[in-house]
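Asks: Coordinates in my_file-v4.cif, mmCIF, C-alpha atoms, are listed below.
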data_upload
loop_
_atom_site.label_atom_id
_atom_site.label_comp_id
_atom_site.auth_asym_id
_atom_site.auth_seq_id
_atom_site.Cartn_x
_atom_site.Cartn_y
_atom_site.Cartn_z
CA MET A 1 21.50 -24.41 0.67
CA VAL A 2 22.30 -24.56 -3.06
CA MET A 3 21.91 -21.14 -4.69
CA GLY A 4 24.59 -19.18 -2.81
CA PRO A 5 26.96 -22.16 -2.62
CA THR A 6 26.66 -22.60 -6.40
CA CYS A 7 27.72 -19.00 -6.98
CA GLY A 8 30.69 -19.47 -4.66
CA MET A 9 31.66 -22.74 -6.34
CA VAL A 10 31.65 -21.16 -9.80
CA LEU A 11 33.90 -18.34 -8.63
CA ALA A 12 36.12 -20.80 -6.75
CA ASP A 13 36.45 -23.06 -9.79
CA LEU A 14 37.46 -20.00 -11.81
CA GLY A 15 40.32 -19.43 -9.37
CA ALA A 16 38.99 -17.11 -6.68
CA GLU A 17 39.85 -17.65 -3.02
CA VAL A 18 36.41 -18.35 -1.59
CA ILE A 19 35.84 -18.36 2.16
CA LYS A 20 32.69 -20.13 3.27
CA VAL A 21 31.25 -18.76 6.52
CA GLU A 22 29.25 -21.49 8.28
CA PRO A 23 27.31 -21.68 11.54
CA VAL A 24 29.36 -23.01 14.45
CA ASN A 25 27.69 -26.40 14.10
CA GLY A 26 28.31 -26.46 10.37
CA ASP A 27 26.30 -25.84 7.23
CA ARG A 28 23.04 -27.76 7.55
CA THR A 29 23.52 -29.35 4.14
CA ARG A 30 26.45 -31.33 5.56
CA PHE A 31 23.92 -33.49 7.41
CA LEU A 32 20.91 -33.73 5.10
CA LEU A 33 19.53 -37.14 4.17
CA GLY A 34 17.92 -38.44 1.00
CA ALA A 35 17.79 -36.03 -1.94
CA GLY A 36 19.87 -33.47 -0.02
CA ALA A 37 22.73 -35.80 0.84
CA GLY A 38 24.85 -34.63 -2.09
CA PHE A 39 24.37 -30.88 -1.65
CA PHE A 40 27.43 -30.04 0.44
CA PRO A 41 30.07 -32.11 -1.39
CA MET A 42 28.65 -31.05 -4.77
CA PHE A 43 28.66 -27.29 -4.26
CA ASN A 44 31.50 -26.59 -1.82
CA ARG A 45 34.72 -27.74 -3.43
CA ASN A 46 37.65 -25.34 -3.79
CA LYS A 47 36.52 -23.33 -0.73
CA LYS A 48 37.93 -22.53 2.68
CA SER A 49 35.70 -22.88 5.75
CA ILE A 50 35.36 -20.89 8.93
CA ALA A 51 32.46 -21.54 11.31
CA LEU A 52 31.27 -18.46 13.22
CA ASP A 53 28.48 -17.63 15.62
CA LEU A 54 27.09 -14.52 13.93
CA HIS A 55 24.69 -14.02 16.85
CA SER A 56 27.63 -13.16 19.09
CA PRO A 57 29.16 -9.67 18.76
CA GLN A 58 32.62 -11.18 18.34
CA GLY A 59 31.50 -13.57 15.63
CA ALA A 60 29.78 -10.82 13.66
CA GLN A 61 32.87 -8.64 14.06
CA ILE A 62 35.11 -11.37 12.63
CA ALA A 63 32.70 -11.74 9.68
CA ARG A 64 32.90 -7.99 9.04
CA GLU A 65 36.68 -8.14 9.20
CA LEU A 66 36.69 -10.96 6.65
CA CYS A 67 34.38 -8.95 4.39
CA ALA A 68 36.73 -5.99 4.62
CA THR A 69 39.43 -8.11 2.96
CA ALA A 70 37.16 -9.29 0.14
CA ASP A 71 36.59 -8.21 -3.44
CA VAL A 72 33.20 -9.93 -3.39
CA VAL A 73 30.74 -10.83 -0.64
CA ALA A 74 28.06 -13.38 -1.50
CA GLU A 75 25.05 -14.08 0.70
CA ASN A 76 21.91 -16.22 0.58
CA PHE A 77 19.74 -15.00 3.49
CA LYS A 78 16.22 -13.63 3.75
CA PRO A 79 15.91 -9.90 3.01
CA GLY A 80 17.04 -7.77 5.96
CA THR A 81 18.69 -10.60 7.89
CA LEU A 82 22.30 -9.51 7.50
CA ALA A 83 21.58 -5.86 8.29
CA LYS A 84 21.20 -6.94 11.92
CA TYR A 85 24.89 -7.89 11.93
CA GLY A 86 26.26 -5.02 9.86
CA LEU A 87 26.83 -7.45 7.00
CA ASP A 88 24.44 -5.94 4.46
CA TYR A 89 25.62 -4.08 1.38
CA ALA A 90 24.90 -0.62 2.78
CA SER A 91 26.96 -1.26 5.91
CA LEU A 92 29.91 -2.95 4.21
CA SER A 93 30.12 -0.65 1.17
CA ALA A 94 30.21 2.39 3.46
CA HIS A 95 33.72 1.28 4.40
CA ASN A 96 34.71 -0.16 1.02
CA SER A 97 33.34 1.54 -2.09
CA LYS A 98 34.99 -1.10 -4.29
CA LEU A 99 33.03 -3.96 -2.75
CA ILE A 100 30.91 -6.15 -5.02
CA TYR A 101 28.05 -7.70 -3.06
CA VAL A 102 25.91 -10.45 -4.56
CA ALA A 103 22.63 -11.22 -2.82
CA HIS A 104 20.76 -14.45 -3.65
CA LYS A 105 17.06 -14.17 -2.85
CA GLY A 106 13.73 -15.81 -3.49
CA PHE A 107 12.42 -12.73 -5.30
CA LEU A 108 13.86 -9.47 -6.53
CA PRO A 109 12.55 -6.40 -4.63
CA GLY A 110 8.81 -6.04 -5.06
CA PRO A 111 5.46 -7.35 -3.78
CA TYR A 112 6.76 -10.89 -3.29
CA GLU A 113 10.11 -10.14 -1.65
CA HIS A 114 8.83 -10.91 1.86
CA ARG A 115 7.84 -14.46 0.90
CA THR A 116 9.91 -17.51 1.76
CA ALA A 117 10.91 -19.19 -1.49
CA LEU A 118 12.22 -22.62 -2.37
CA ASP A 119 13.05 -24.06 -5.77
CA GLU A 120 9.81 -26.04 -5.76
CA VAL A 121 7.78 -23.00 -4.67
CA VAL A 122 8.88 -20.89 -7.63
CA GLN A 123 8.56 -23.81 -10.04
CA MET A 124 4.90 -24.10 -9.01
CA MET A 125 4.11 -20.38 -9.18
CA GLY A 126 6.34 -19.70 -12.19
CA GLY A 127 4.88 -22.13 -14.71
CA LEU A 128 7.75 -24.62 -14.81
CA ALA A 129 5.98 -27.35 -12.83
CA TYR A 130 2.91 -26.85 -15.06
CA MET A 131 5.05 -27.30 -18.17
CA THR A 132 6.93 -30.32 -16.81
CA GLY A 133 4.04 -32.45 -15.57
CA ARG A 134 1.09 -33.94 -17.37
CA PRO A 135 -2.07 -31.79 -17.61
CA GLY A 136 -3.53 -31.42 -14.14
CA ASP A 137 -0.45 -32.93 -12.52
CA PRO A 138 2.20 -30.22 -12.00
CA LEU A 139 5.63 -31.72 -11.43
CA ARG A 140 8.87 -30.10 -10.34
CA ALA A 141 11.86 -30.57 -12.60
CA GLY A 142 14.18 -33.39 -11.66
CA THR A 143 16.97 -31.23 -10.21
CA SER A 144 17.43 -27.94 -8.35
CA VAL A 145 17.26 -25.96 -11.58
CA ASN A 146 16.45 -22.54 -10.14
CA ASP A 147 18.84 -22.81 -7.21
CA ILE A 148 21.70 -23.83 -9.49
CA MET A 149 20.93 -21.39 -12.29
CA GLY A 150 20.22 -18.61 -9.78
CA GLY A 151 23.73 -19.16 -8.42
CA LEU A 152 25.11 -19.13 -11.95
CA PHE A 153 23.41 -15.82 -12.70
CA GLY A 154 24.76 -14.47 -9.42
CA ALA A 155 28.28 -15.40 -10.54
CA ILE A 156 27.68 -13.90 -13.99
CA GLY A 157 26.55 -10.68 -12.31
CA VAL A 158 29.72 -10.69 -10.19
CA LEU A 159 31.92 -11.09 -13.27
CA GLY A 160 30.11 -8.22 -14.98
CA ALA A 161 30.47 -6.07 -11.86
CA LEU A 162 34.20 -6.81 -11.74
CA VAL A 163 34.54 -5.58 -15.32
CA GLN A 164 32.59 -2.43 -14.44
CA ARG A 165 34.74 -1.86 -11.36
CA GLY A 166 37.80 -1.99 -13.57
CA ILE A 167 36.30 0.89 -15.54
CA THR A 168 34.72 3.01 -12.79
CA GLY A 169 36.72 1.99 -9.73
CA LYS A 170 33.48 1.39 -7.83
CA GLY A 171 31.73 -1.77 -6.71
CA MET A 172 28.01 -2.46 -6.75
CA GLU A 173 25.29 -4.73 -5.45
CA VAL A 174 24.23 -7.66 -7.63
CA GLN A 175 20.94 -9.45 -6.97
CA SER A 176 19.83 -12.83 -8.28
CA ALA A 177 16.48 -14.44 -7.45
CA LEU A 178 14.81 -17.83 -7.77
CA PHE A 179 11.48 -16.59 -9.08
CA GLU A 180 12.93 -14.35 -11.76
CA ASN A 181 15.28 -17.15 -12.78
CA ASN A 182 12.30 -19.47 -13.18
CA VAL A 183 10.40 -16.89 -15.24
CA PHE A 184 13.43 -16.58 -17.53
CA LEU A 185 13.38 -20.36 -18.01
CA VAL A 186 9.71 -20.39 -19.07
CA GLY A 187 10.12 -17.23 -21.15
CA GLN A 188 10.12 -19.28 -24.36
CA HIS A 189 6.63 -20.54 -23.52
CA MET A 190 5.47 -17.03 -22.65
CA MET A 191 6.82 -15.84 -25.99
CA GLN A 192 5.04 -18.67 -27.78
CA TYR A 193 1.77 -17.30 -26.42
CA ALA A 194 2.72 -13.74 -27.31
CA VAL A 195 3.51 -14.76 -30.89
CA THR A 196 0.72 -17.27 -31.57
CA GLY A 197 -2.01 -16.42 -29.08
CA GLN A 198 -2.05 -20.12 -28.14
CA PRO A 199 -1.12 -21.17 -24.59
CA ALA A 200 1.79 -23.59 -24.37
CA ALA A 201 0.66 -27.09 -23.44
CA PRO A 202 2.59 -29.04 -20.78
CA MET A 203 5.53 -30.87 -22.31
CA PRO A 204 3.93 -34.35 -22.05
CA ALA A 205 0.87 -33.06 -23.95
CA ARG A 206 2.50 -30.55 -26.28
CA ILE A 207 1.97 -30.49 -30.02
CA SER A 208 5.40 -31.56 -31.14
CA ALA A 209 7.15 -29.63 -33.88
CA TRP A 210 8.50 -32.96 -35.14
CA ALA A 211 6.82 -36.29 -35.78
CA VAL A 212 9.67 -38.54 -34.68
CA TYR A 213 10.78 -37.11 -31.35
CA ASP A 214 9.87 -39.50 -28.58
CA VAL A 215 10.78 -42.29 -26.20
CA PHE A 216 10.22 -45.82 -27.51
CA ASP A 217 9.79 -49.03 -25.51
CA VAL A 218 11.99 -51.71 -27.04
CA ARG A 219 13.18 -55.25 -26.34
CA ASP A 220 13.86 -56.51 -22.81
CA GLY A 221 11.95 -53.64 -21.22
CA GLU A 222 14.50 -51.03 -22.33
CA GLN A 223 13.73 -47.57 -23.61
CA ILE A 224 15.45 -45.21 -26.04
CA PHE A 225 14.79 -41.70 -27.32
CA LEU A 226 14.83 -41.36 -31.12
CA ALA A 227 14.44 -38.28 -33.27
CA ALA A 228 14.29 -37.18 -36.90
CA VAL A 229 13.73 -33.43 -37.00
CA SER A 230 13.99 -32.58 -40.68
CA ASP A 231 12.95 -34.03 -44.02
CA ALA A 232 16.56 -35.01 -44.68
CA GLN A 233 16.78 -36.82 -41.34
CA TRP A 234 13.46 -38.57 -42.07
CA ARG A 235 14.88 -39.97 -45.29
CA VAL A 236 18.02 -41.17 -43.48
CA PHE A 237 15.91 -42.63 -40.66
CA CYS A 238 13.73 -44.65 -43.06
CA ASN A 239 16.70 -45.86 -45.10
CA ALA A 240 18.68 -46.88 -42.01
CA LEU A 241 15.77 -48.92 -40.61
CA GLY A 242 14.46 -50.27 -43.90
CA PHE A 243 11.16 -48.38 -43.79
CA ASP A 244 10.87 -47.92 -47.57
CA ASP A 245 7.07 -47.94 -47.44
CA LEU A 246 6.98 -45.07 -44.96
CA LEU A 247 9.45 -43.07 -47.02
CA ALA A 248 7.27 -43.56 -50.10
CA ASP A 249 4.02 -42.61 -48.37
CA PRO A 250 2.86 -39.20 -49.70
CA LEU A 251 1.06 -38.51 -46.41
CA LEU A 252 4.48 -38.52 -44.71
CA ALA A 253 6.42 -36.57 -47.31
CA THR A 254 7.08 -33.43 -45.25
CA ASN A 255 7.68 -32.70 -41.59
CA ASN A 256 4.39 -30.86 -41.15
CA ALA A 257 2.53 -33.66 -42.90
CA ARG A 258 4.15 -36.17 -40.56
CA VAL A 259 3.18 -34.05 -37.55
CA GLU A 260 -0.45 -34.20 -38.74
CA GLN A 261 -0.14 -37.99 -38.93
CA ARG A 262 1.96 -38.23 -35.75
CA GLU A 263 -0.37 -40.39 -33.68
CA SER A 264 -0.72 -43.13 -36.29
CA LEU A 265 2.92 -42.83 -37.36
CA LEU A 266 4.18 -43.29 -33.81
CA ALA A 267 1.91 -46.29 -33.34
CA THR A 268 3.44 -47.87 -36.45
CA LEU A 269 6.97 -47.09 -35.35
CA ARG A 270 6.40 -48.45 -31.85
CA THR A 271 5.25 -51.77 -33.30
CA ARG A 272 8.17 -52.02 -35.72
CA LEU A 273 10.85 -50.96 -33.22
CA ALA A 274 9.65 -53.07 -30.29
CA HIS A 275 11.67 -56.15 -31.30
CA HIS A 276 14.97 -54.21 -31.52
CA SER A 277 17.28 -53.83 -28.55
CA ALA A 278 18.24 -50.36 -27.35
CA ALA A 279 21.88 -51.08 -28.18
CA GLU A 280 21.01 -52.13 -31.73
CA LEU A 281 18.97 -48.98 -32.34
CA ALA A 282 21.70 -46.83 -30.82
CA ARG A 283 24.22 -48.36 -33.22
CA ILE A 284 21.96 -47.76 -36.23
CA MET A 285 21.22 -44.18 -35.25
CA GLU A 286 24.87 -43.40 -34.53
CA GLN A 287 26.04 -44.80 -37.86
CA ALA A 288 23.36 -42.78 -39.63
CA GLY A 289 24.27 -39.58 -37.78
CA LEU A 290 20.79 -39.25 -36.29
CA PRO A 291 19.91 -37.94 -32.81
CA TYR A 292 19.23 -40.58 -30.17
CA ALA A 293 19.70 -41.11 -26.46
CA PRO A 294 19.67 -44.06 -24.11
CA ILE A 295 17.51 -43.48 -21.04
CA ARG A 296 20.00 -43.20 -18.19
CA LYS A 297 19.75 -42.92 -14.43
CA PRO A 298 22.05 -40.41 -12.69
CA GLU A 299 24.15 -43.15 -11.05
CA GLU A 300 24.87 -44.68 -14.45
CA LEU A 301 26.71 -41.53 -15.56
CA PHE A 302 29.69 -42.41 -13.37
CA ASP A 303 30.50 -45.03 -16.02
CA ASP A 304 29.79 -42.84 -19.06
CA GLU A 305 32.64 -43.32 -21.52
CA HIS A 306 32.53 -39.72 -22.77
CA LEU A 307 32.68 -38.21 -19.28
CA ILE A 308 35.53 -40.53 -18.34
CA ALA A 309 37.50 -39.89 -21.55
CA THR A 310 37.10 -36.10 -21.44
CA GLY A 311 37.81 -35.60 -17.75
CA GLY A 312 34.28 -34.49 -16.97
CA LEU A 313 34.43 -36.18 -13.56
CA ALA A 314 36.96 -35.46 -10.82
CA ASP A 315 37.80 -36.92 -7.43
CA ILE A 316 36.72 -35.28 -4.20
CA ARG A 317 37.00 -36.46 -0.61
CA LEU A 318 33.76 -36.46 1.37
CA PRO A 319 34.09 -34.30 4.51
CA ASP A 320 31.15 -35.54 6.56
CA GLY A 321 28.79 -38.40 7.34
CA ALA A 322 29.18 -42.15 7.49
CA ASN A 323 31.41 -42.11 4.40
CA ALA A 324 33.67 -39.26 5.52
CA ASP A 325 37.12 -39.42 3.89
CA ALA A 326 35.84 -41.62 1.07
CA VAL A 327 36.93 -40.45 -2.38
CA VAL A 328 34.13 -40.16 -4.93
CA LYS A 329 33.64 -38.61 -8.36
CA THR A 330 31.97 -35.21 -8.85
CA THR A 331 30.89 -33.31 -11.94
CA LEU A 332 32.84 -30.30 -13.15
CA LEU A 333 31.60 -27.07 -14.69
CA PRO A 334 30.50 -27.78 -18.27
CA PHE A 335 32.98 -25.65 -20.19
CA THR A 336 36.68 -25.39 -20.93
CA LEU A 337 39.13 -22.50 -20.76
CA ALA A 338 42.02 -22.81 -23.21
CA GLY A 339 40.95 -26.38 -23.77
CA GLU A 340 41.07 -27.34 -20.10
CA ARG A 341 38.30 -28.23 -17.67
CA LEU A 342 38.31 -26.35 -14.36
CA GLY A 343 39.29 -28.95 -11.80
CA VAL A 344 39.31 -29.58 -8.07
CA ARG A 345 42.08 -27.67 -6.29
CA SER A 346 40.83 -28.52 -2.82
CA HIS A 347 38.26 -30.94 -1.46
CA PRO A 348 35.05 -29.78 0.23
CA PRO A 349 36.29 -28.51 3.59
CA ALA A 350 35.69 -29.92 7.03
CA ILE A 351 33.80 -27.63 9.41
CA SER A 352 35.97 -24.58 10.14
CA GLU A 353 38.98 -26.33 8.61
CA HIS A 354 40.69 -23.05 7.78
CA ALA A 355 39.63 -20.98 10.81
CA ASN A 356 43.08 -20.77 12.39
CA ASP A 357 44.81 -19.66 9.18
CA LEU A 358 42.12 -17.12 8.32
CA LEU A 359 42.08 -15.62 11.79
CA GLN A 360 45.86 -15.39 11.85
CA GLU A 361 45.70 -13.49 8.54
CA LEU A 362 43.34 -11.04 10.28
CA GLY A 363 45.89 -10.57 13.06
CA TYR A 364 44.49 -12.85 15.77
CA GLY A 365 47.13 -14.61 17.84
CA PRO A 366 47.00 -18.19 19.20
CA ALA A 367 45.67 -17.09 22.61
CA ALA A 368 42.89 -14.98 21.06
CA ILE A 369 41.91 -17.84 18.76
CA ALA A 370 41.85 -20.28 21.68
CA SER A 371 39.64 -17.88 23.63
CA LEU A 372 37.21 -17.52 20.71
CA ARG A 373 36.99 -21.28 20.43
CA ALA A 374 36.47 -21.70 24.16
CA ASP A 375 33.61 -19.21 24.02
CA ALA A 376 32.08 -21.07 21.02
CA VAL A 377 32.42 -17.99 18.83
CA ILE A 378 34.23 -20.16 16.31
CA ALA A 379 34.31 -23.90 15.78
#
Can you give me the file's structure in the form of C-alpha cells?
Replies:
Amino acid sequence: MVMGPTCGMVLADLGAEVIKVEPVNGDRTRFLLGAGAGFFPMFNRNKKSIALDLHSPQGAQIARELCATADVVAENFKPGTLAKYGLDYASLSAHNSKLIYVAHKGFLPGPYEHRTALDEVVQMMGGLAYMTGRPGDPLRAGTSVNDIMGGLFGAIGVLGALVQRGITGKGMEVQSALFENNVFLVGQHMMQYAVTGQPAAPMPARISAWAVYDVFDVRDGEQIFLAAVSDAQWRVFCNALGFDDLLADPLLATNNARVEQRESLLATLRTRLAHHSAAELARIMEQAGLPYAPIRKPEELFDDEHLIATGGLADIRLPDGANADAVVKTTLLPFTLAGERLGVRSHPPAISEHANDLLQELGYGPAAIASLRADAVIA
C-alpha cells in the first residue's frame, strides 16, 4: 500500500516512465478512510495507470507484455504470489537478462519470510516501538517510516543495479524488506549496547546527552522545544535569557555536569520560561543562533513559510473520493538536483487512465481493447 508505491514514486519523480498496474476495481488505497486517506494521492504522482485482472490469463499476459518493455519491474506482493502469473523474477528474466526486478517484502529470505508484515508489526518486533514509547508502553512512530524508507531503499537498490547493468550488461533482482529496514533504523541503539554494555532506554526515559534538550510548556498553553547542546551554546542560552546566576553556577559549568543536575535544572528552567510566549522564545533563540522548534501539527505545515518560499509543496489533483478533482498541496522529495526540486509532471492517475494508450503501444487495436474491457480484463 505504501512501500512499493514509494519506490515507484521516487523513480517517477527522478524522470522514469512508471506504469502502475492496479486491480480492475482500483488500488485499495484509493478508497481508504482515516489515516489511510492520503496514501494514494501522496505516493502515486507522476505515474500512468492500467487496471488489469491478473487472475485472468489475458490480464496476466498483458502484464507480462508490459514487463517485457520495462527496464525495471517493481512489486510489493507476498513471497511466491507473482510466480503463479509468470511475473516473478525467474520467469521474466529468462526472457530479458537485462531486467532489474525490485521486490518489496516484509522480510528478506529466511525464517520469517512466510510471515505477513505491516509497518506496525515490524516496529513492535524490531525495537522501534519500544524506543518510541514510554517504558512499558510501546508506541509506533507517527508515520509509515518502514514502508516509506523500505521503498526508498528499493529505489536506491534499483539505481545501483542500473549502474551495474551499465558495466556488466546484465540486470539483477533487488530486495528490500520492512523488518530489515526497521533493524537498520534501530542500529544506533544496538550499537550503543555493543559499545557500552548498557541497554538503550526508550526515548522518553533516556539519559539525555545534553541537559537542555526538551519540550517546555509556556504561556497560553503553548509548547516549544529548546536546546543547548554544547558549553558554548549554554553560555549563549544563559546570556540571551538573562540567566546570569545559572551561568555562574559551578555545578552547571560543563555539559556533563549539567546532565548530572538535569532534573533540578529543568525544573528551574520550566518555572522561569513558563511566563514567556512560544513566539517570544522563538525570537530569542533565533537571534541567538540556538536550536529551537515550535510544536507543529501536520496540517499546520501547509502554511509553513519556508516550505512555501522554497517550493517544497506542489499542487496535485485528487483522483478519487468525495473531493475528486480538488487541487491540494503535496510534499516533494527532500532534495534538489542542480538546485531544483523534483516536481509534479502528472497528477495521481484515475483508475486505468492510461490503459488505452499503453495497450496501443503493445499493439492492441481498438476492437481488441474494447473486447478486453467488455470481458472485465481491464478497467
Asks: So what do you get for atom CA of Asn255 of chain A versus atom CA of Thr132 of chain A, distance-wise?
Replies: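 Computing the Euclidean distance for atom CA of Asn255 of chain A and atom CA of Thr132 of chain A yields 24.9 Å.
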Asks: Rank nothing, just name the residue among A:Asn182, A:Ser352, A:Thr330, A:Ser277 nearest to Leu301 of chain A, using all atoms listed in the file.
Replies: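 Going through A:Asn182, A:Ser352, A:Thr330, A:Ser277 one by one, the smallest distance to Leu301 of chain A is for A:Thr330.
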Asks: Counting all atoms listed in the file, what is within 12 Å of Ala370 of chain A, bar same-chain residues fewer than 5 positions away, as a ChimeraX atom specification?
Replies: /A:355-356,359-360,364-365,375-379
Asks: Kindly resolve the PyMOL selection byres ((chain A and resi 113) around 12) on the present coordinates and return the residues as a PyMOL selection string.
Replies: chain A and resi 77-80+104-112+114-117+177-180
Asks: Counting all atoms listed in the file, which residues have an atom no more than 10 Å from (39.2, -36.5, -5.0) in the file's coordinates? Please list them as number ranges by chain.
Replies: A: 45, 313-318, 325-330, 344-348
